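Peer 1: Structure file structure34.txt (compact mmCIF, C-alpha atoms and all ligand atoms) right here:
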```
# COMPACT_ATOMS: atom_id res chain seq x y z
CA MET A 1 20.33 17.29 7.25
CA ARG A 2 18.30 17.77 4.09
CA ALA A 3 14.52 17.25 4.35
CA VAL A 4 11.91 17.94 1.68
CA GLN A 5 8.85 19.35 3.38
CA LEU A 6 5.26 20.32 2.72
CA ILE A 7 5.07 23.89 4.04
CA GLN A 8 1.78 25.04 2.56
CA ILE A 9 -1.13 23.05 1.06
CA GLY A 10 -1.37 23.45 -2.70
CA LYS A 11 2.23 24.67 -3.01
CA PRO A 12 5.33 22.72 -4.17
CA LEU A 13 7.40 20.91 -1.51
CA GLU A 14 10.54 22.76 -0.38
CA ASN A 15 14.15 21.82 0.47
CA LYS A 16 14.86 22.52 4.15
CA ASP A 17 17.87 22.19 6.41
CA VAL A 18 16.70 20.61 9.67
CA PRO A 19 18.47 19.01 12.65
CA ILE A 20 19.06 15.24 12.61
CA PRO A 21 16.24 13.94 14.86
CA GLU A 22 16.94 12.98 18.48
CA ILE A 23 15.91 9.45 19.37
CA GLY A 24 14.08 8.24 22.46
CA ALA A 25 14.94 5.11 24.46
CA GLN A 26 12.59 2.95 22.36
CA ASP A 27 13.40 4.50 18.98
CA VAL A 28 15.87 3.91 16.20
CA LEU A 29 17.56 6.44 13.95
CA ILE A 30 17.51 5.31 10.33
CA ARG A 31 19.64 6.70 7.52
CA VAL A 32 17.09 6.72 4.68
CA ALA A 33 18.34 4.73 1.68
CA ALA A 34 15.09 4.80 -0.30
CA ALA A 35 11.72 6.53 0.06
CA GLY A 36 8.81 5.80 -2.28
CA ILE A 37 6.80 8.64 -3.74
CA CYS A 38 3.17 7.61 -3.30
CA HIS A 39 -0.13 8.76 -4.73
CA SER A 40 -1.24 9.81 -1.25
CA ASP A 41 1.71 12.22 -1.06
CA ALA A 42 0.27 13.99 -4.11
CA HIS A 43 -3.07 14.12 -2.27
CA TYR A 44 -1.41 15.66 0.84
CA ARG A 45 0.31 18.29 -1.30
CA SER A 46 -2.88 19.21 -3.18
CA GLY A 47 -5.09 19.16 -0.08
CA ILE A 48 -7.35 16.30 -1.24
CA SER A 49 -6.25 14.48 1.93
CA LYS A 50 -6.27 16.78 4.93
CA ILE A 51 -3.00 17.36 6.75
CA ASP A 52 -2.90 19.88 9.59
CA ASN A 53 0.51 19.85 11.28
CA LEU A 54 2.58 21.82 8.78
CA PRO A 55 5.40 21.96 8.01
CA VAL A 56 5.89 18.20 7.72
CA THR A 57 8.40 15.97 5.93
CA LEU A 58 6.37 13.67 3.65
CA GLY A 59 7.22 10.04 2.83
CA HIS A 60 5.74 6.87 4.37
CA GLU A 61 7.42 4.19 2.20
CA ILE A 62 10.86 3.92 3.75
CA ALA A 63 13.87 1.65 3.86
CA GLY A 64 17.36 2.35 5.16
CA GLN A 65 20.14 1.56 7.60
CA VAL A 66 19.66 1.69 11.36
CA GLU A 67 22.46 3.93 12.61
CA ARG A 68 21.52 4.42 16.24
CA VAL A 69 19.42 2.26 18.58
CA GLY A 70 17.64 3.56 21.68
CA LYS A 71 18.66 2.08 25.07
CA GLU A 72 15.41 0.11 25.51
CA ALA A 73 14.98 -1.01 21.91
CA THR A 74 15.63 -4.74 21.60
CA ASN A 75 13.94 -5.95 18.40
CA VAL A 76 16.40 -4.47 15.89
CA ALA A 77 20.12 -3.82 15.72
CA ALA A 78 22.17 -1.72 13.34
CA GLY A 79 21.53 -2.90 9.80
CA ARG A 80 19.05 -2.90 6.92
CA VAL A 81 15.40 -2.27 7.72
CA CYS A 82 12.12 -1.20 6.19
CA VAL A 83 9.51 0.78 8.08
CA HIS A 84 5.88 0.05 9.03
CA TYR A 85 4.27 3.46 8.46
CA LEU A 86 1.78 3.51 11.33
CA VAL A 87 3.16 4.56 14.70
CA HIS A 88 0.79 3.31 17.38
CA CYS A 89 0.61 3.49 21.19
CA GLY A 90 0.90 -0.25 21.77
CA SER A 91 -1.33 -0.22 24.85
CA CYS A 92 -4.89 0.84 23.93
CA GLU A 93 -7.82 -1.58 23.49
CA PHE A 94 -7.05 -1.92 19.75
CA CYS A 95 -3.25 -2.13 19.92
CA THR A 96 -3.39 -4.89 22.54
CA ARG A 97 -5.62 -6.90 20.18
CA GLY A 98 -3.18 -6.46 17.26
CA LEU A 99 -5.52 -4.01 15.51
CA GLU A 100 -3.18 -1.02 15.57
CA GLN A 101 -4.76 0.58 12.51
CA PHE A 102 -7.58 1.72 14.83
CA CYS A 103 -5.27 3.08 17.57
CA ARG A 104 -6.71 6.40 18.72
CA LYS A 105 -3.22 7.81 19.13
CA GLY A 106 -2.04 6.36 15.81
CA GLN A 107 0.24 8.56 13.74
CA MET A 108 0.93 8.06 10.07
CA ILE A 109 4.60 8.59 9.26
CA GLY A 110 4.99 11.29 6.61
CA LYS A 111 1.62 12.82 7.53
CA HIS A 112 1.16 13.20 11.28
CA ARG A 113 4.91 13.07 11.95
CA ASP A 114 8.01 13.61 9.84
CA GLY A 115 8.56 11.02 7.13
CA GLY A 116 11.19 9.67 4.80
CA TYR A 117 11.81 12.50 2.35
CA ALA A 118 14.91 13.20 4.42
CA GLU A 119 18.41 11.90 5.07
CA PHE A 120 17.44 10.52 8.49
CA ILE A 121 14.24 9.53 10.27
CA ASN A 122 13.51 8.42 13.81
CA VAL A 123 10.83 5.83 14.37
CA PRO A 124 9.86 3.56 17.27
CA ALA A 125 12.02 0.44 17.02
CA ARG A 126 8.91 -1.75 16.76
CA ASN A 127 8.13 -0.05 13.40
CA ALA A 128 11.44 -1.26 11.94
CA PHE A 129 11.52 -4.67 10.21
CA VAL A 130 14.74 -6.36 9.15
CA LEU A 131 15.10 -6.10 5.36
CA PRO A 132 16.69 -9.28 3.94
CA ASP A 133 19.80 -8.76 1.79
CA GLU A 134 17.98 -10.18 -1.26
CA ILE A 135 15.56 -7.21 -1.27
CA SER A 136 16.88 -3.88 -2.52
CA PHE A 137 16.23 -0.74 -0.48
CA GLU A 138 14.07 0.62 -3.32
CA VAL A 139 11.78 -2.42 -3.28
CA GLY A 140 11.90 -2.52 0.53
CA ALA A 141 10.49 1.01 0.51
CA ILE A 142 7.69 0.67 -2.02
CA MET A 143 6.43 -2.69 -0.73
CA MET A 144 5.47 -1.12 2.61
CA CYS A 145 2.34 0.60 1.30
CA SER A 146 0.11 -0.79 -1.46
CA SER A 147 1.58 -4.32 -1.36
CA ALA A 148 1.02 -4.55 2.39
CA THR A 149 -2.55 -3.33 1.96
CA ALA A 150 -3.14 -5.82 -0.88
CA LEU A 151 -2.01 -8.65 1.41
CA HIS A 152 -4.26 -7.35 4.21
CA ALA A 153 -7.20 -7.33 1.78
CA LEU A 154 -6.56 -10.99 0.87
CA ASN A 155 -6.23 -11.85 4.56
CA LYS A 156 -9.48 -10.04 5.42
CA ALA A 157 -11.19 -11.91 2.57
CA ARG A 158 -9.73 -15.15 4.01
CA LEU A 159 -8.48 -16.30 0.60
CA LYS A 160 -7.54 -19.97 0.70
CA ALA A 161 -5.54 -22.13 -1.70
CA GLY A 162 -7.58 -23.17 -4.71
CA GLU A 163 -10.16 -20.40 -4.39
CA SER A 164 -10.93 -18.12 -7.34
CA VAL A 165 -10.42 -14.36 -7.16
CA ALA A 166 -11.73 -11.35 -9.08
CA ILE A 167 -9.66 -8.17 -8.82
CA PHE A 168 -11.26 -4.88 -9.86
CA GLY A 169 -8.56 -2.41 -10.92
CA PHE A 170 -4.95 -3.07 -11.88
CA GLY A 171 -3.02 -0.18 -10.32
CA GLY A 172 -0.32 -0.59 -7.65
CA LEU A 173 -2.69 -2.51 -5.35
CA GLY A 174 -3.93 -4.79 -8.11
CA PHE A 175 -0.40 -5.48 -9.35
CA SER A 176 0.56 -6.76 -5.89
CA ALA A 177 -2.80 -8.41 -5.17
CA LEU A 178 -2.56 -10.58 -8.29
CA GLN A 179 0.93 -11.84 -7.44
CA LEU A 180 0.09 -12.31 -3.75
CA ALA A 181 -3.08 -14.26 -4.57
CA ARG A 182 -0.92 -16.58 -6.68
CA ALA A 183 1.64 -16.81 -3.86
CA ILE A 184 -1.22 -18.12 -1.68
CA ASN A 185 -1.83 -20.76 -4.41
CA CYS A 186 -5.27 -19.47 -5.32
CA GLY A 187 -7.28 -20.84 -8.25
CA ASP A 188 -8.24 -18.74 -11.28
CA VAL A 189 -7.65 -14.98 -11.05
CA PHE A 190 -9.77 -12.56 -13.07
CA VAL A 191 -8.67 -8.94 -13.30
CA VAL A 192 -11.18 -6.33 -14.47
CA GLU A 193 -9.71 -3.32 -16.30
CA ILE A 194 -10.47 -0.91 -19.11
CA ASN A 195 -6.91 0.20 -19.93
CA PRO A 196 -5.50 -1.72 -22.96
CA THR A 197 -1.85 -1.64 -21.77
CA LYS A 198 -2.84 -2.98 -18.36
CA LEU A 199 -5.12 -5.63 -19.90
CA ALA A 200 -2.12 -6.92 -21.88
CA SER A 201 0.13 -7.09 -18.78
CA ILE A 202 -2.57 -8.95 -16.79
CA ALA A 203 -2.47 -11.86 -19.22
CA LYS A 204 1.34 -11.95 -19.01
CA LEU A 205 1.11 -12.41 -15.23
CA GLY A 206 -1.02 -15.51 -15.68
CA ALA A 207 -4.44 -14.08 -14.90
CA VAL A 208 -7.58 -13.80 -17.02
CA ALA A 209 -8.02 -10.22 -18.22
CA ILE A 210 -11.65 -9.08 -18.15
CA ASP A 211 -12.08 -6.08 -20.45
CA ALA A 212 -14.95 -4.03 -19.00
CA ASN A 213 -15.21 -2.25 -22.40
CA ASP A 214 -16.56 -5.55 -23.78
CA GLY A 215 -19.72 -5.46 -21.66
CA ASP A 216 -20.74 -6.28 -18.09
CA PRO A 217 -17.70 -7.73 -16.26
CA VAL A 218 -20.03 -9.65 -13.91
CA ALA A 219 -21.54 -11.52 -16.85
CA GLN A 220 -18.05 -12.21 -18.21
CA ILE A 221 -16.86 -13.59 -14.85
CA LYS A 222 -20.00 -15.72 -14.44
CA GLU A 223 -19.52 -17.14 -17.92
CA ALA A 224 -15.86 -17.93 -17.29
CA THR A 225 -16.78 -19.75 -14.04
CA ASN A 226 -19.66 -21.78 -15.54
CA GLY A 227 -22.17 -19.59 -13.75
CA LYS A 228 -20.65 -20.16 -10.30
CA GLY A 229 -19.05 -16.78 -9.61
CA VAL A 230 -15.84 -16.30 -7.63
CA ASP A 231 -14.91 -17.09 -4.02
CA VAL A 232 -13.21 -13.75 -3.35
CA SER A 233 -13.40 -10.33 -4.99
CA LEU A 234 -11.28 -7.25 -4.30
CA GLU A 235 -12.52 -3.77 -5.20
CA LEU A 236 -9.45 -1.56 -5.53
CA ILE A 237 -10.84 1.30 -7.65
CA GLY A 238 -13.14 3.17 -5.28
CA SER A 239 -16.33 3.45 -7.32
CA ALA A 240 -19.86 2.46 -6.33
CA LYS A 241 -20.32 0.77 -9.70
CA THR A 242 -17.34 -1.59 -9.34
CA MET A 243 -18.14 -2.22 -5.67
CA ARG A 244 -21.56 -3.45 -6.70
CA GLN A 245 -19.97 -5.60 -9.40
CA ALA A 246 -17.53 -7.01 -6.83
CA VAL A 247 -20.54 -8.20 -4.79
CA GLN A 248 -22.51 -9.42 -7.81
CA CYS A 249 -19.71 -11.60 -9.16
CA LEU A 250 -19.50 -13.65 -5.92
CA GLY A 251 -20.51 -17.27 -5.76
CA VAL A 252 -21.95 -19.14 -2.77
CA LEU A 253 -20.10 -18.14 0.46
CA GLY A 254 -18.15 -15.52 -1.53
CA ARG A 255 -16.37 -12.61 0.16
CA ALA A 256 -16.05 -9.14 -1.35
CA ALA A 257 -13.25 -7.01 0.16
CA LEU A 258 -13.73 -3.29 -0.44
CA VAL A 259 -10.45 -1.35 -0.46
CA GLY A 260 -11.00 1.60 -2.83
CA LEU A 261 -12.28 4.83 -1.30
CA THR A 262 -15.40 6.63 -2.42
CA ALA A 263 -18.00 8.96 -0.94
CA GLU A 264 -20.70 7.49 -3.20
CA SER A 265 -23.31 5.08 -1.83
CA MET A 266 -23.73 1.60 -3.22
CA SER A 267 -26.97 -0.29 -3.70
CA ILE A 268 -27.37 -4.05 -3.81
CA PHE A 269 -30.27 -6.51 -3.72
CA PRO A 270 -29.79 -8.08 -0.29
CA TYR A 271 -31.81 -11.23 -0.94
CA THR A 272 -30.35 -12.37 -4.27
CA GLU A 273 -26.88 -10.87 -3.99
CA VAL A 274 -25.95 -11.45 -0.33
CA ILE A 275 -28.43 -13.41 1.83
CA ASN A 276 -29.21 -16.20 -0.58
CA LYS A 277 -25.51 -16.93 -1.11
CA GLU A 278 -24.38 -16.17 2.45
CA ALA A 279 -21.98 -13.76 0.81
CA GLU A 280 -19.96 -11.25 2.87
CA ILE A 281 -18.99 -7.64 2.24
CA ILE A 282 -15.79 -6.79 4.11
CA GLY A 283 -14.17 -3.39 4.66
CA VAL A 284 -10.37 -3.17 4.43
CA SER A 285 -8.41 -0.41 6.08
CA ASP A 286 -4.61 -0.25 5.84
CA HIS A 287 -2.63 -3.25 7.06
CA LEU A 288 -1.02 -4.67 10.20
CA ALA A 289 2.55 -4.96 11.42
CA THR A 290 1.98 -8.70 11.97
CA GLU A 291 1.41 -9.14 8.22
CA LEU A 292 4.77 -7.69 7.19
CA PRO A 293 7.03 -10.71 7.88
CA LEU A 294 5.05 -12.87 5.42
CA LEU A 295 5.02 -10.04 2.88
CA LEU A 296 8.81 -9.73 3.21
CA GLU A 297 9.16 -13.47 2.71
CA PHE A 298 7.02 -13.38 -0.47
CA VAL A 299 9.28 -10.63 -1.87
CA ARG A 300 12.50 -12.32 -0.69
CA SER A 301 11.51 -15.57 -2.38
CA GLY A 302 10.52 -13.80 -5.63
CA LYS A 303 6.80 -14.56 -5.40
CA LEU A 304 6.08 -10.83 -5.39
CA ARG A 305 8.27 -9.00 -7.89
CA PHE A 306 8.72 -5.41 -8.93
CA PRO A 307 10.48 -5.39 -12.30
CA ALA A 308 13.50 -3.06 -12.43
CA GLU A 309 11.98 -1.20 -15.38
CA ALA A 310 9.06 -0.26 -13.14
CA LEU A 311 11.36 1.69 -10.76
CA ARG A 312 12.64 5.19 -11.37
CA VAL A 313 15.10 6.88 -9.04
CA VAL A 314 15.28 10.59 -8.16
CA ASP A 315 17.48 12.51 -5.74
CA LEU A 316 16.36 13.96 -2.40
CA GLU A 317 15.63 17.30 -4.01
CA ALA A 318 12.35 19.24 -3.98
CA GLY A 319 12.30 20.03 -7.72
CA GLN A 320 12.66 16.38 -8.74
CA ILE A 321 10.15 15.21 -6.13
CA ASN A 322 7.55 17.81 -7.12
CA ALA A 323 7.91 16.77 -10.76
CA ALA A 324 7.36 13.12 -9.78
CA LEU A 325 4.27 14.11 -7.75
CA ASP A 326 2.94 16.09 -10.74
CA GLN A 327 3.40 13.04 -12.93
CA LEU A 328 1.65 10.76 -10.41
CA GLN A 329 -1.49 12.85 -10.63
CA HIS A 330 -1.81 11.86 -14.30
CA SER A 331 0.00 8.54 -14.59
CA ILE A 332 -1.75 5.27 -15.31
CA ASP A 333 1.28 2.97 -15.57
CA HIS A 334 3.13 0.94 -12.96
CA VAL A 335 6.30 3.02 -12.84
CA ARG A 336 7.16 3.86 -9.23
CA THR A 337 9.49 6.71 -8.33
CA VAL A 338 11.84 6.22 -5.40
CA ILE A 339 13.97 8.88 -3.73
CA VAL A 340 17.53 7.72 -3.15
CA PRO A 341 19.42 10.47 -1.27
CA ARG A 342 22.84 11.18 -2.77
CA SER A 343 24.31 10.81 0.71
CA ALA A 344 23.07 7.20 0.89
CA ARG A 345 24.46 6.10 -2.50
ZN ZN B 1 2.03 4.94 -0.07
ZN ZN B 2 -3.08 2.18 20.48
```
The structure in this file should be written as structure tokens.
Ligand SMILES: [Zn+2]
Ligand SMILES: [Zn+2]
Peer 2:
Amino acid sequence: MRAVQLIQIGKPLENKDVPIPEIGAQDVLIRVAAAGICHSDAHYRSGISKIDNLPVTLGHEIAGQVERVGKEATNVAAGRVCVHYLVHCGSCEFCTRGLEQFCRKGQMIGKHRDGGYAEFINVPARNAFVLPDEISFEVGAIMMCSSATALHALNKARLKAGESVAIFGFGGLGFSALQLARAINCGDVFVVEINPTKLASIAKLGAVAIDANDGDPVAQIKEATNGKGVDVSLELIGSAKTMRQAVQCLGVLGRAALVGLTAESMSIFPYTEVINKEAEIIGVSDHLATELPLLLEFVRSGKLRFPAEALRVVDLEAGQINAALDQLQHSIDHVRTVIVPRSAR
């Protein structure tokens, strides 16, 4: 079968002919119908994120058709599925508590093991989730990464109906977080951005756009909430400055969920900004398999949408995929590129 692999860090991905994977008793073989090209794939290729088992087939946002089911696999049958990208042991102290993102033997699909830039992939059956007919394969693929993490962030922040939310950064995570917050029936949503195109689309999605070019976003949020601040904030950018703002804009009992990655340190005034308000600062890492059924239902019912104009399709071909990865390193818009193998069309 065709697979597009990372052979050497810093070099373009290459087309390879590899055997169709064998499946174990608890695995399924999936014919890949769509594989999202993600920002982290660009980071693997460039070496910003370390990857040490080369060559590897990239691709962790995957949807397709189950073609073969292992003898002991009972949760899925042949049919449409999307894939949870973390393969975990299922039996360690974390897995047994439903916290598989901390599994010591955890393997990220498309990083630690071969991913979806291929015609077929084998995954443990428990990583396959039935994809409802109403959801296209393309959307089924891309929703398995940033949207799932956005939902996890809202869950970690314990967002409840009626509560107000401030979202810092309107990239792929923010785009999903805004719609998911509304799906949970939250109160006012404020989205902090500096990009004019994104600021315009925020208002169209029914949120209050906070233009950080117009002065301190914390002051703007406080003013818009009559001095109260928000119940929940999400930091999706990965900068110490916006993390601090995400804490500062909280009201009494507010929760700041930090999702963006940075190596910088952040300083806050513990008394006035946390203790006095009984505010919480919460770390968010990845997402959980148990969160995916609700996410699928939000997409199935149209509460989380990915407009068709925001999807671009390429073939399973190294040249086209490398070009898409090049573009991702510079892009600021919401256009997502999805690989649809010719053999699956
Ligand atoms: Zn991704
Ligand atoms: Zn485990």
Peer 1: What is the CA of Ala166 (chain A) to CA of Ser40 (chain A) distance in Å?
Peer 2: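 That distance, rounded to one decimal, is 24.9 Å.
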Peer 1: Kindly work out which residues sit at most 9 Å from ligand ZN 1 (chain B), using all atoms listed in the file, and give the list as number ranges by chain.
Peer 2: A: 36-41, 59-61, 85, 142-146
Peer 1: Ranking A:Ile62, A:Cys92, A:Ala161, A:Val139 by minimum distance to Ile121 (chain A) and counting only C-alpha atoms, which one comes first?
Peer 2: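 Closest candidate: A:Ile62.
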Peer 1: Please report the interatomic distance between CA of Asp17 (chain A) and CA of Glu317 (chain A) in Å with one decimal.
Peer 2: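 CA of Glu317 (chain A) lies 11.7 Å from CA of Asp17 (chain A).
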Peer 1: Find the residues near Leu258 (chain A): any atom within 9 Å, counting only C-alpha atoms, skip ones fewer than 2 places away on the same chain, and give them as a PyMOL selection string.
Peer 2: chain A and resi 153+233-236+238+243+246+256+260-261+281-285
Peer 1: Would you put the residues from that selection into a file with C-alpha atoms, as an mmCIF file, keeping the file's coordinate frame?
Peer 2:
```
data_model
loop_
_atom_site.group_PDB
_atom_site.id
_atom_site.type_symbol
_atom_site.label_atom_id
_atom_site.label_comp_id
_atom_site.auth_asym_id
_atom_site.auth_seq_id
_atom_site.Cartn_x
_atom_site.Cartn_y
_atom_site.Cartn_z
ATOM 1 C CA ALA A 153 -7.200 -7.330 1.780
ATOM 2 C CA SER A 233 -13.400 -10.330 -4.990
ATOM 3 C CA LEU A 234 -11.280 -7.250 -4.300
ATOM 4 C CA GLU A 235 -12.520 -3.770 -5.200
ATOM 5 C CA LEU A 236 -9.450 -1.560 -5.530
ATOM 6 C CA GLY A 238 -13.140 3.170 -5.280
ATOM 7 C CA MET A 243 -18.140 -2.220 -5.670
ATOM 8 C CA ALA A 246 -17.530 -7.010 -6.830
ATOM 9 C CA ALA A 256 -16.050 -9.140 -1.350
ATOM 10 C CA GLY A 260 -11.000 1.600 -2.830
ATOM 11 C CA LEU A 261 -12.280 4.830 -1.300
ATOM 12 C CA ILE A 281 -18.990 -7.640 2.240
ATOM 13 C CA ILE A 282 -15.790 -6.790 4.110
ATOM 14 C CA GLY A 283 -14.170 -3.390 4.660
ATOM 15 C CA VAL A 284 -10.370 -3.170 4.430
ATOM 16 C CA SER A 285 -8.410 -0.410 6.080
#
```
Peer 1: Can you work out the spacing between CA of Ala25 (chain A) and CA of Glu72 (chain A) in Å, to one decimal?
Peer 2: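 CA of Glu72 (chain A) lies at a distance of 5.1 Å from CA of Ala25 (chain A).
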Peer 1: Measuring atom to atom with all atoms listed in the file, identify which of A:Leu316, A:Ala34, A:Ile51, A:Leu199 is nearest to Lys16 (chain A).
Peer 2: A:Leu316
Peer 1: Fewer than 5 positions away in the same chain doesn't count, so skip those; otherwise give me all residues within 9 Å of region 182-193 of chain A, counting all atoms listed in the file, as a ChimeraX atom specification.
Peer 2: /A:159-170,174,177,198-199,202,206-213,217,221,230,298,303-304
Peer 1: Write out as a PyMOL selection string which residues come within 7 Å of region 262-271 of chain A when counting only C-alpha atoms, dropping same-chain ones fewer than 6 positions away.
Peer 2: chain A and resi 238-240+244
Peer 1: Would you kindly return, as number ranges by chain, each protein, DNA or RNA residue with an atom no farther than 8 Å from any atom of Gly106 (chain A), considering all atoms listed in the file and excluding same-chain residues fewer than 6 positions away?
Peer 2: A: 86-89, 100
Peer 1: Residues within 10 Å of ligand ZN 2 (chain B) (all atoms listed in the file), as number ranges by chain?
Peer 2: A: 87-107
